[in-house]
>>> print(open('coords04.txt').read())   # compact mmCIF, C-alpha atoms
# COMPACT_ATOMS: atom_id res chain seq x y z
CA MET A 127 -76.03 197.96 -136.59
CA ASP A 128 -76.79 194.65 -138.29
CA GLU A 129 -77.53 191.72 -136.01
CA LEU A 130 -74.38 189.81 -135.06
CA ARG A 131 -74.98 186.39 -136.60
CA PHE A 132 -73.13 183.07 -136.46
CA ASP A 133 -74.70 181.36 -139.45
CA ASP A 134 -72.45 178.56 -140.75
CA ARG A 135 -70.14 179.09 -137.78
CA VAL A 136 -69.18 176.44 -135.24
CA VAL A 137 -68.70 177.28 -131.58
CA VAL A 138 -67.46 175.07 -128.72
CA ILE A 139 -68.77 176.03 -125.27
CA THR A 140 -67.47 174.22 -122.21
CA GLY A 141 -69.52 173.97 -119.03
CA ALA A 142 -72.54 174.56 -121.26
CA GLY A 143 -74.94 172.25 -119.46
CA ARG A 144 -76.06 174.69 -116.79
CA GLY A 145 -75.92 178.29 -115.63
CA ILE A 146 -73.95 180.81 -117.66
CA GLY A 147 -72.72 178.18 -120.14
CA ARG A 148 -76.27 177.09 -120.91
CA SER A 149 -77.22 180.73 -121.55
CA HIS A 150 -74.23 181.08 -123.88
CA ALA A 151 -75.22 177.97 -125.81
CA LEU A 152 -78.84 179.06 -126.25
CA LEU A 153 -77.87 182.55 -127.48
CA PHE A 154 -75.20 181.33 -129.91
CA ALA A 155 -77.64 178.77 -131.32
CA GLU A 156 -80.35 181.41 -131.61
CA ARG A 157 -77.91 183.50 -133.67
CA GLY A 158 -77.30 180.61 -136.07
CA ALA A 159 -74.23 178.87 -134.63
CA GLN A 160 -73.69 175.15 -134.65
CA VAL A 161 -72.88 174.54 -130.99
CA VAL A 162 -70.84 171.83 -129.32
CA VAL A 163 -72.30 171.68 -125.82
CA ALA A 164 -69.40 170.33 -123.75
CA ASP A 165 -70.20 169.48 -120.15
CA TYR A 166 -69.06 166.75 -117.76
CA GLY A 167 -72.02 167.26 -115.45
CA VAL A 168 -70.05 167.47 -112.21
CA ALA A 169 -71.21 168.70 -108.82
CA ILE A 170 -70.29 172.22 -107.74
CA ASP A 171 -67.07 171.02 -106.12
CA GLY A 172 -66.01 169.05 -109.21
CA ARG A 173 -66.99 165.59 -108.05
CA GLY A 174 -69.22 163.12 -109.91
CA ALA A 175 -70.28 163.21 -113.55
CA SER A 176 -73.44 163.08 -115.64
CA SER A 177 -74.25 163.45 -119.33
CA GLY A 178 -77.71 164.76 -118.44
CA PRO A 179 -77.00 168.53 -118.41
CA ALA A 180 -75.34 168.58 -121.85
CA ASP A 181 -78.04 166.35 -123.36
CA ALA A 182 -80.78 168.57 -121.95
CA VAL A 183 -79.32 171.74 -123.47
CA VAL A 184 -78.86 170.06 -126.86
CA SER A 185 -82.51 168.94 -126.78
CA GLU A 186 -83.56 172.49 -125.92
CA ILE A 187 -81.57 173.95 -128.82
CA ARG A 188 -82.86 171.40 -131.30
CA ALA A 189 -86.46 171.91 -130.16
CA ALA A 190 -86.03 175.59 -131.05
CA GLY A 191 -84.75 174.69 -134.52
CA GLY A 192 -81.04 175.07 -133.82
CA GLN A 193 -78.08 172.76 -134.35
CA ALA A 194 -76.14 171.36 -131.42
CA LEU A 195 -74.17 168.33 -130.34
CA ALA A 196 -73.45 167.15 -126.80
CA CYS A 197 -69.91 166.26 -125.78
CA PHE A 198 -69.48 164.51 -122.45
CA ALA A 199 -65.84 165.26 -121.63
CA ASP A 200 -63.71 166.30 -118.66
CA VAL A 201 -61.78 169.44 -119.60
CA SER A 202 -59.25 168.81 -116.85
CA GLU A 203 -58.02 165.74 -118.76
CA GLU A 204 -55.88 166.77 -121.73
CA SER A 205 -57.00 163.94 -124.02
CA ALA A 206 -60.67 164.55 -123.21
CA ALA A 207 -60.32 168.29 -123.77
CA THR A 208 -58.71 167.62 -127.15
CA THR A 209 -61.63 165.36 -128.01
CA ILE A 210 -64.03 168.29 -127.65
CA VAL A 211 -62.28 170.15 -130.46
CA GLU A 212 -61.97 167.00 -132.55
CA VAL A 213 -65.71 166.35 -132.21
CA ALA A 214 -66.45 169.84 -133.52
CA LEU A 215 -64.17 169.41 -136.52
CA ASP A 216 -65.27 165.85 -137.30
CA THR A 217 -68.99 166.62 -137.00
CA PHE A 218 -69.28 170.11 -138.45
CA GLY A 219 -66.08 170.34 -140.50
CA ARG A 220 -64.85 173.57 -138.96
CA LEU A 221 -64.34 175.51 -135.74
CA ASP A 222 -64.61 179.26 -135.41
CA ALA A 223 -64.78 180.04 -131.71
CA VAL A 224 -64.25 178.54 -128.28
CA VAL A 225 -65.89 179.77 -125.08
CA ASN A 226 -64.11 178.36 -122.04
CA ASN A 227 -66.72 178.43 -119.32
CA ALA A 228 -66.33 175.19 -117.35
CA GLY A 229 -65.79 175.81 -113.66
CA ILE A 230 -66.27 174.60 -110.11
CA ASN A 231 -66.24 176.17 -106.66
CA ASP A 232 -65.24 174.81 -103.27
CA PRO A 233 -64.96 177.73 -100.83
CA ALA A 234 -63.27 177.34 -97.45
CA PRO A 235 -60.99 179.31 -95.14
CA PHE A 236 -57.42 179.26 -96.42
CA GLU A 237 -56.14 177.32 -93.42
CA ASP A 238 -58.68 174.55 -94.09
CA LEU A 239 -58.08 174.13 -97.82
CA THR A 240 -56.02 171.12 -98.81
CA SER A 241 -53.50 170.96 -101.63
CA GLU A 242 -55.91 168.55 -103.35
CA GLN A 243 -58.63 171.21 -103.32
CA PHE A 244 -56.25 173.79 -104.79
CA ARG A 245 -55.16 171.34 -107.50
CA ARG A 246 -58.73 170.42 -108.40
CA MET A 247 -59.57 174.12 -108.79
CA MET A 248 -56.53 174.67 -111.02
CA ASP A 249 -57.25 171.48 -112.97
CA VAL A 250 -60.72 172.61 -114.02
CA HIS A 251 -60.35 176.39 -114.35
CA PHE A 252 -56.78 176.81 -115.56
CA PHE A 253 -55.79 173.51 -117.13
CA GLY A 254 -59.31 173.00 -118.51
CA THR A 255 -59.04 176.35 -120.26
CA LEU A 256 -55.47 175.62 -121.31
CA PHE A 257 -56.13 172.17 -122.78
CA VAL A 258 -59.17 173.18 -124.84
CA THR A 259 -57.41 176.33 -126.01
CA GLN A 260 -54.28 174.42 -127.02
CA ALA A 261 -56.32 171.99 -129.10
CA ALA A 262 -58.22 174.81 -130.80
CA TRP A 263 -55.12 177.00 -131.20
CA LYS A 264 -53.47 174.56 -133.58
CA HIS A 265 -56.55 174.62 -135.81
CA PHE A 266 -56.89 178.40 -135.60
CA ARG A 267 -53.24 178.88 -136.52
CA SER A 268 -53.67 176.69 -139.60
CA THR A 269 -56.76 178.58 -140.78
CA GLY A 270 -55.57 182.04 -139.80
CA TYR A 271 -58.71 182.78 -137.81
CA GLY A 272 -60.22 182.06 -134.41
CA ARG A 273 -61.97 183.58 -131.44
CA ILE A 274 -61.39 182.47 -127.84
CA VAL A 275 -63.45 183.74 -124.92
CA ASN A 276 -62.22 182.72 -121.47
CA THR A 277 -64.01 183.08 -118.16
CA ALA A 278 -62.17 185.02 -115.49
CA SER A 279 -63.69 186.42 -112.30
CA GLU A 280 -63.51 189.46 -110.08
CA ALA A 281 -62.60 186.95 -107.36
CA MET A 282 -59.04 187.02 -108.74
CA LEU A 283 -58.81 190.56 -107.34
CA GLY A 284 -59.69 189.50 -103.80
CA GLY A 285 -62.31 191.05 -101.56
CA ILE A 286 -64.41 188.00 -100.65
CA PRO A 287 -63.14 185.60 -97.98
CA GLN A 288 -62.76 181.86 -98.54
CA LEU A 289 -62.12 182.14 -102.28
CA SER A 290 -58.33 181.83 -102.29
CA SER A 291 -58.36 178.62 -104.35
CA TYR A 292 -61.02 179.83 -106.78
CA GLY A 293 -59.58 183.33 -107.09
CA ALA A 294 -56.05 182.01 -107.66
CA ALA A 295 -57.27 179.69 -110.42
CA LYS A 296 -59.13 182.54 -112.09
CA GLY A 297 -56.02 184.69 -111.80
CA ALA A 298 -54.16 182.02 -113.74
CA VAL A 299 -56.83 182.18 -116.46
CA PHE A 300 -56.37 185.95 -116.59
CA GLY A 301 -52.60 185.56 -117.01
CA LEU A 302 -53.04 182.98 -119.74
CA THR A 303 -55.48 185.22 -121.59
CA ARG A 304 -53.19 188.21 -121.52
CA ASN A 305 -50.09 186.30 -122.58
CA LEU A 306 -51.82 184.43 -125.40
CA ALA A 307 -53.17 187.75 -126.65
CA THR A 308 -49.57 188.79 -127.20
CA GLU A 309 -48.87 185.64 -129.20
CA ALA A 310 -52.13 186.04 -131.14
CA THR A 311 -51.07 189.37 -132.62
CA GLY A 312 -50.81 189.06 -136.38
CA THR A 313 -52.39 185.58 -136.52
CA GLY A 314 -56.09 186.40 -137.00
CA ILE A 315 -56.81 184.93 -133.57
CA ARG A 316 -58.40 187.04 -130.85
CA ILE A 317 -58.50 185.99 -127.20
CA ASN A 318 -60.40 187.85 -124.51
CA ALA A 319 -62.29 187.07 -121.32
CA ILE A 320 -65.42 187.90 -119.40
CA ALA A 321 -65.73 188.23 -115.62
CA PRO A 322 -69.38 187.36 -114.93
CA ARG A 323 -71.72 188.44 -112.18
CA ALA A 324 -74.55 185.94 -112.19
CA HIS A 325 -76.80 183.99 -109.87
CA THR A 326 -76.11 180.33 -110.61
CA ARG A 327 -75.96 177.13 -108.58
CA MET A 328 -72.35 178.03 -107.68
CA SER A 329 -73.23 181.45 -106.29
CA ALA A 330 -76.42 180.09 -104.68
CA SER A 331 -74.29 177.78 -102.57
CA GLU A 332 -72.72 180.86 -100.97
CA ASN A 333 -75.91 182.83 -100.28
CA ASP A 334 -75.74 182.58 -96.50
CA ARG A 335 -72.08 183.53 -96.33
CA LEU A 336 -72.43 186.47 -98.72
CA ALA A 337 -75.54 187.72 -96.96
CA GLU A 338 -73.61 187.76 -93.69
CA LEU A 339 -70.54 189.36 -95.28
CA PHE A 340 -72.50 192.21 -96.86
CA HIS A 341 -75.08 192.50 -94.05
CA MET A 342 -78.07 191.67 -96.26
CA ASP A 343 -81.31 190.17 -95.00
CA GLU A 344 -83.00 187.33 -96.88
CA ALA A 345 -85.30 189.64 -98.86
CA THR A 346 -82.41 191.81 -100.02
CA MET A 347 -80.33 188.76 -100.98
CA THR A 348 -83.26 187.40 -102.99
CA ALA A 349 -83.63 190.72 -104.82
CA VAL A 350 -79.91 190.87 -105.59
CA ASN A 351 -79.97 187.31 -106.95
CA ALA A 352 -82.97 188.13 -109.12
CA SER A 353 -81.02 191.01 -110.68
CA MET A 354 -78.26 188.65 -111.86
CA PRO A 355 -79.74 186.11 -114.30
CA PRO A 356 -77.03 184.20 -116.21
CA ASP A 357 -78.35 185.24 -119.61
CA MET A 358 -77.21 188.82 -118.98
CA CYS A 359 -73.61 187.61 -119.31
CA SER A 360 -73.99 186.03 -122.74
CA PRO A 361 -74.32 189.04 -125.09
CA THR A 362 -70.76 190.14 -124.31
CA ALA A 363 -69.42 186.60 -124.77
CA LEU A 364 -71.15 186.45 -128.15
CA TYR A 365 -69.66 189.77 -129.24
CA LEU A 366 -66.15 188.74 -128.20
CA ALA A 367 -66.55 185.55 -130.24
CA HIS A 368 -67.77 187.35 -133.36
CA ASP A 369 -65.58 188.00 -136.37
CA THR A 370 -66.23 191.75 -136.13
CA CYS A 371 -64.53 191.90 -132.71
CA ASP A 372 -60.91 193.05 -132.90
CA LEU A 373 -60.30 193.30 -129.17
CA ASN A 374 -57.37 191.27 -127.93
CA GLY A 375 -56.37 190.59 -124.33
CA GLU A 376 -59.32 192.40 -122.76
CA VAL A 377 -61.41 191.35 -119.77
CA ILE A 378 -65.00 192.59 -119.62
CA GLN A 379 -66.94 192.47 -116.36
CA VAL A 380 -70.49 191.49 -117.30
CA GLY A 381 -73.87 190.87 -115.72
CA MET A 382 -76.75 192.73 -114.08
CA GLY A 383 -77.44 194.53 -117.34
CA GLY A 384 -73.98 196.03 -117.67
CA ALA A 385 -70.57 195.56 -119.20
CA ALA A 386 -67.34 197.30 -118.21
CA ARG A 387 -63.64 196.94 -118.91
CA LEU A 388 -61.67 195.29 -116.13
CA ALA A 389 -58.07 196.36 -116.55
CA VAL A 390 -54.63 196.37 -115.01
CA VAL A 391 -53.34 199.92 -114.73
CA HIS A 392 -49.84 201.30 -114.39
CA ALA A 393 -49.62 204.31 -112.08
CA HIS A 394 -47.08 207.09 -112.59
CA GLY A 395 -45.46 206.22 -109.28
CA LEU A 396 -42.06 207.47 -108.17
CA THR A 397 -38.81 207.69 -110.09
CA LYS A 398 -35.63 208.42 -108.17
CA ASP A 399 -32.00 207.36 -108.38
CA PRO A 400 -30.84 206.09 -106.02
CA LEU A 401 -34.10 204.79 -104.57
CA THR A 402 -34.01 203.91 -100.88
CA PRO A 403 -36.48 202.12 -98.58
CA GLU A 404 -37.03 205.48 -96.91
CA ASP A 405 -37.99 207.01 -100.27
CA ILE A 406 -40.64 204.30 -100.65
CA ALA A 407 -41.99 204.93 -97.16
CA GLU A 408 -42.09 208.70 -97.62
CA ASN A 409 -43.74 208.58 -101.04
CA ILE A 410 -46.06 205.59 -100.73
CA GLY A 411 -49.08 207.80 -101.38
CA ALA A 412 -47.70 208.92 -104.75
CA ILE A 413 -46.66 205.37 -105.60
CA LEU A 414 -50.21 204.10 -105.04
CA ASP A 415 -51.97 207.06 -106.68
CA VAL A 416 -53.83 205.81 -109.77
CA ASN A 417 -55.03 209.20 -110.97
CA ASP A 418 -54.14 209.46 -114.68
CA ALA A 419 -52.81 205.88 -114.62
CA ARG A 420 -52.47 204.16 -117.98
CA VAL A 421 -53.98 200.84 -118.89
CA THR A 422 -51.33 198.16 -119.36
CA ASP A 423 -51.48 196.80 -122.91
CA ALA A 424 -51.43 193.07 -123.56
CA ALA A 425 -51.00 193.27 -127.31
CA SER A 426 -51.55 195.36 -130.38
CA MET A 427 -54.99 195.21 -131.97
CA ALA A 428 -53.42 195.34 -135.41
CA MET A 429 -53.93 192.27 -137.61
>>> encode(input="coords04.txt", output="structure tokens")
Amino acid sequence: MDELRFDDRVVVITGAGRGIGRSHALLFAERGAQVVVADYGVAIDGRGASSGPADAVVSEIRAAGGQALACFADVSEESAATTIVEVALDTFGRLDAVVNNAGINDPAPFEDLTSEQFRRMMDVHFFGTLFVTQAAWKHFRSTGYGRIVNTASEAMLGGIPQLSSYGAAKGAVFGLTRNLATEATGTGIRINAIAPRAHTRMSASENDRLAELFHMDEATMTAVNASMPPDMCSPTALYLAHDTCDLNGEVIQVGMGGAARLAVVHAHGLTKDPLTPEDIAENIGAILDVNDARVTDAASMAM
């Protein structure tokens, strides 16, 4: 297969100043893209701001011979998120793909989380993705082409304590991705998502808790972290943003050298008329059985 290139293409990447977003930006630039490195430089919990991370990545890309522009903007503010897209169009004259990667984390037991913490998580993950996507969508609709790559998480499926605010926000991103995929059918726009596994400053902040949860000693935790560099998540993001990708409404779990479809399935279940509570109780095993389940479609892949 020929190398997937982005020559003469313009890509916006949010949260591109550090971690997975930085890896995305470096790979897209290496493949020829003109990259808008959008990052507000906040702390892990969403507080503070600094232009330093975005500027540093732009300098790194330019030093390697690539083209990039820093955009210091808060995706959780609609006007600022719109500015990111406007900067791409005003500077480079076009926009081909958006990678929504900006995110924060503020884990705590559910009973200790405040409504403000839940709102801040939704503001960055969901509304940040929504606002940037809305701004780009209008342009993509007018040109009849666009690629959007969102960032979901396996946390939306549960399984790790103290992530109710983060997991709920990522679940909202998943729902947005799937529903927009339906609306994208026939428009030339494709919207998909990745669910990364990577060792970043966000995951590093939870090392002690995760080590205790999974009964890992320090040496084992260090080895696991070493197996999850952020750059292992970027090849899939690049593919989903490429014009050869016709997937629509898919979520790909990525990282640790692998990639796998993450899907909602519809089991065969039970059909009975009338259906009583006792029928549910007596047949709950069959209702939950996912053998030969079908994957729930979000949209047709047809152009």
>>> closest_atom_pairs(input="coords04.txt", of="stretch 226-299 of chain A", to="stretch 166-171 of chain A", cutoff="9 Å", atoms="only C-alpha atoms", output="CSV")
residue,atom,partner,partner_atom,distance
A:Ala228,CA,A:Tyr166,CA,8.9
A:Gly229,CA,A:Ile170,CA,8.3
A:Ile230,CA,A:Ile170,CA,5.2
A:Asn231,CA,A:Asp171,CA,5.2
A:Asp232,CA,A:Asp171,CA,5.1
A:Pro233,CA,A:Asp171,CA,8.8
A:Gln243,CA,A:Asp171,CA,8.9
A:Arg246,CA,A:Asp171,CA,8.7
A:Met247,CA,A:Asp171,CA,8.5
>>> closest_residue(input="coords04.txt", among="A:Ala234, A:Met248, A:Val224, A:Ala310", to="A:Lys296", atoms="only C-alpha atoms")
A:Met248
>>> residues_around(input="coords04.txt", residues="A:Asp134", least_positions_apart="3", cutoff="12 Å", atoms="only C-alpha atoms", output="list in words")
Arg131, Val137, Phe154, Ala155, Arg157, Gly158, Ala159, Gln160, Val161, Gly192, Gln193, Phe218, Gly219, Arg220, Leu221, Asp222 and Ala223 of chain A
>>> residues_near_point(input="coords04.txt", point="(-54.8, 176.6, -139.7)", cutoff="12 Å", atoms="all atoms listed in the file", output="VMD selection string")
chain A and resid 220 to 222 261 to 272 313 to 315
>>> residues_around(input="coords04.txt", residues="A:Thr370", least_positions_apart="4", cutoff="10 Å", atoms="only C-alpha atoms", output="list in words")
Leu130, Tyr365 and Leu366 of chain A
>>> closest_atom_pairs(input="coords04.txt", of="stretch 226-277 of chain A", to="stretch 202-215 of chain A", cutoff="7 Å", atoms="only C-alpha atoms", output="tab-separated table")
residue	atom	partner	partner_atom	distance
A:Asp249	CA	A:Ser202	CA	5.1
A:Val250	CA	A:Ser202	CA	5.0
A:Phe253	CA	A:Ser202	CA	5.8
A:Gly254	CA	A:Ser202	CA	4.5
A:Phe257	CA	A:Glu204	CA	5.5
A:Val258	CA	A:Ala207	CA	5.1
A:Ala261	CA	A:Thr208	CA	5.3
A:Ala262	CA	A:Val211	CA	6.2
>>> residues_around(input="coords04.txt", residues="A:Ser279", least_positions_apart="6", cutoff="8 Å", atoms="all atoms listed in the file", output="MDAnalysis selection string")
chainID A and resid 293 296:297 320:322 379
>>> decode(input="coords04.txt", residues="stretch 154-184 of chain A", atoms="N, CA and C atoms", output="JSON list (two decimals), in the first residue's frame")
[["chain", "number", "residue", "atom", "x", "y", "z"],
["A", 154, "PHE", "N", 1.03, 13.73, 11.85],
["A", 154, "PHE", "CA", 0.36, 14.38, 10.73],
["A", 154, "PHE", "C", 1.33, 15.30, 9.99],
["A", 155, "ALA", "N", 2.13, 16.04, 10.74],
["A", 155, "ALA", "CA", 3.10, 16.94, 10.10],
["A", 155, "ALA", "C", 4.15, 16.16, 9.33],
["A", 156, "GLU", "N", 4.59, 15.05, 9.90],
["A", 156, "GLU", "CA", 5.57, 14.19, 9.23],
["A", 156, "GLU", "C", 5.03, 13.67, 7.90],
["A", 157, "ARG", "N", 3.69, 13.45, 7.85],
["A", 157, "ARG", "CA", 3.06, 12.96, 6.62],
["A", 157, "ARG", "C", 2.62, 14.10, 5.69],
["A", 158, "GLY", "N", 3.07, 15.31, 5.97],
["A", 158, "GLY", "CA", 2.86, 16.41, 5.03],
["A", 158, "GLY", "C", 1.77, 17.39, 5.36],
["A", 159, "ALA", "N", 1.02, 17.16, 6.45],
["A", 159, "ALA", "CA", -0.10, 18.04, 6.78],
["A", 159, "ALA", "C", 0.37, 19.39, 7.31],
["A", 160, "GLN", "N", -0.43, 20.40, 7.04],
["A", 160, "GLN", "CA", -0.28, 21.68, 7.70],
["A", 160, "GLN", "C", -1.17, 21.60, 8.95],
["A", 161, "VAL", "N", -0.56, 21.75, 10.11],
["A", 161, "VAL", "CA", -1.24, 21.42, 11.36],
["A", 161, "VAL", "C", -1.51, 22.67, 12.20],
["A", 162, "VAL", "N", -2.76, 22.81, 12.62],
["A", 162, "VAL", "CA", -3.11, 23.82, 13.61],
["A", 162, "VAL", "C", -3.05, 23.14, 14.97],
["A", 163, "VAL", "N", -2.06, 23.51, 15.76],
["A", 163, "VAL", "CA", -1.85, 22.92, 17.08],
["A", 163, "VAL", "C", -2.65, 23.75, 18.09],
["A", 164, "ALA", "N", -3.83, 23.27, 18.44],
["A", 164, "ALA", "CA", -4.72, 24.00, 19.34],
["A", 164, "ALA", "C", -4.59, 23.44, 20.75],
["A", 165, "ASP", "N", -4.21, 24.28, 21.68],
["A", 165, "ASP", "CA", -4.05, 23.82, 23.06],
["A", 165, "ASP", "C", -4.13, 25.02, 24.00],
["A", 166, "TYR", "N", -4.90, 24.87, 25.07],
["A", 166, "TYR", "CA", -5.06, 25.96, 26.04],
["A", 166, "TYR", "C", -4.10, 25.82, 27.21],
["A", 167, "GLY", "N", -3.35, 24.73, 27.24],
["A", 167, "GLY", "CA", -2.31, 24.56, 28.23],
["A", 167, "GLY", "C", -2.78, 24.49, 29.66],
["A", 168, "VAL", "N", -3.91, 23.82, 29.89],
["A", 168, "VAL", "CA", -4.47, 23.76, 31.24],
["A", 168, "VAL", "C", -3.81, 22.64, 32.05],
["A", 169, "ALA", "N", -4.05, 22.68, 33.36],
["A", 169, "ALA", "CA", -3.63, 21.59, 34.23],
["A", 169, "ALA", "C", -4.52, 20.38, 33.98],
["A", 170, "ILE", "N", -4.19, 19.26, 34.57],
["A", 170, "ILE", "CA", -4.93, 18.03, 34.33],
["A", 170, "ILE", "C", -6.41, 18.18, 34.65],
["A", 171, "ASP", "N", -6.72, 18.97, 35.71],
["A", 171, "ASP", "CA", -8.12, 19.11, 36.10],
["A", 171, "ASP", "C", -8.83, 20.24, 35.38],
["A", 172, "GLY", "N", -8.18, 20.87, 34.41],
["A", 172, "GLY", "CA", -8.81, 21.90, 33.60],
["A", 172, "GLY", "C", -8.57, 23.32, 34.06],
["A", 173, "ARG", "N", -7.82, 23.48, 35.14],
["A", 173, "ARG", "CA", -7.57, 24.83, 35.65],
["A", 173, "ARG", "C", -6.29, 25.41, 35.06],
["A", 174, "GLY", "N", -6.21, 26.76, 35.07],
["A", 174, "GLY", "CA", -5.02, 27.44, 34.56],
["A", 174, "GLY", "C", -4.99, 27.50, 33.04],
["A", 175, "ALA", "N", -3.93, 28.05, 32.50],
["A", 175, "ALA", "CA", -3.77, 28.16, 31.05],
["A", 175, "ALA", "C", -2.34, 28.59, 30.74],
["A", 176, "SER", "N", -1.83, 28.11, 29.60],
["A", 176, "SER", "CA", -0.49, 28.48, 29.16],
["A", 176, "SER", "C", -0.36, 28.23, 27.67],
["A", 177, "SER", "N", 0.26, 29.16, 26.97],
["A", 177, "SER", "CA", 0.49, 28.98, 25.53],
["A", 177, "SER", "C", 1.74, 28.15, 25.28],
["A", 178, "GLY", "N", 2.48, 27.84, 26.32],
["A", 178, "GLY", "CA", 3.75, 27.12, 26.17],
["A", 178, "GLY", "C", 3.67, 25.79, 25.46],
["A", 179, "PRO", "N", 2.74, 24.89, 25.84],
["A", 179, "PRO", "CA", 2.69, 23.57, 25.19],
["A", 179, "PRO", "C", 2.46, 23.65, 23.69],
["A", 180, "ALA", "N", 1.52, 24.46, 23.25],
["A", 180, "ALA", "CA", 1.24, 24.58, 21.81],
["A", 180, "ALA", "C", 2.45, 25.16, 21.08],
["A", 181, "ASP", "N", 3.04, 26.20, 21.65],
["A", 181, "ASP", "CA", 4.21, 26.81, 21.01],
["A", 181, "ASP", "C", 5.36, 25.83, 20.88],
["A", 182, "ALA", "N", 5.55, 25.00, 21.91],
["A", 182, "ALA", "CA", 6.65, 24.03, 21.89],
["A", 182, "ALA", "C", 6.47, 23.00, 20.78],
["A", 183, "VAL", "N", 5.24, 22.52, 20.59],
["A", 183, "VAL", "CA", 4.99, 21.53, 19.55],
["A", 183, "VAL", "C", 5.16, 22.15, 18.16],
["A", 184, "VAL", "N", 4.71, 23.36, 17.99],
["A", 184, "VAL", "CA", 4.89, 24.05, 16.70],
["A", 184, "VAL", "C", 6.37, 24.20, 16.40]]
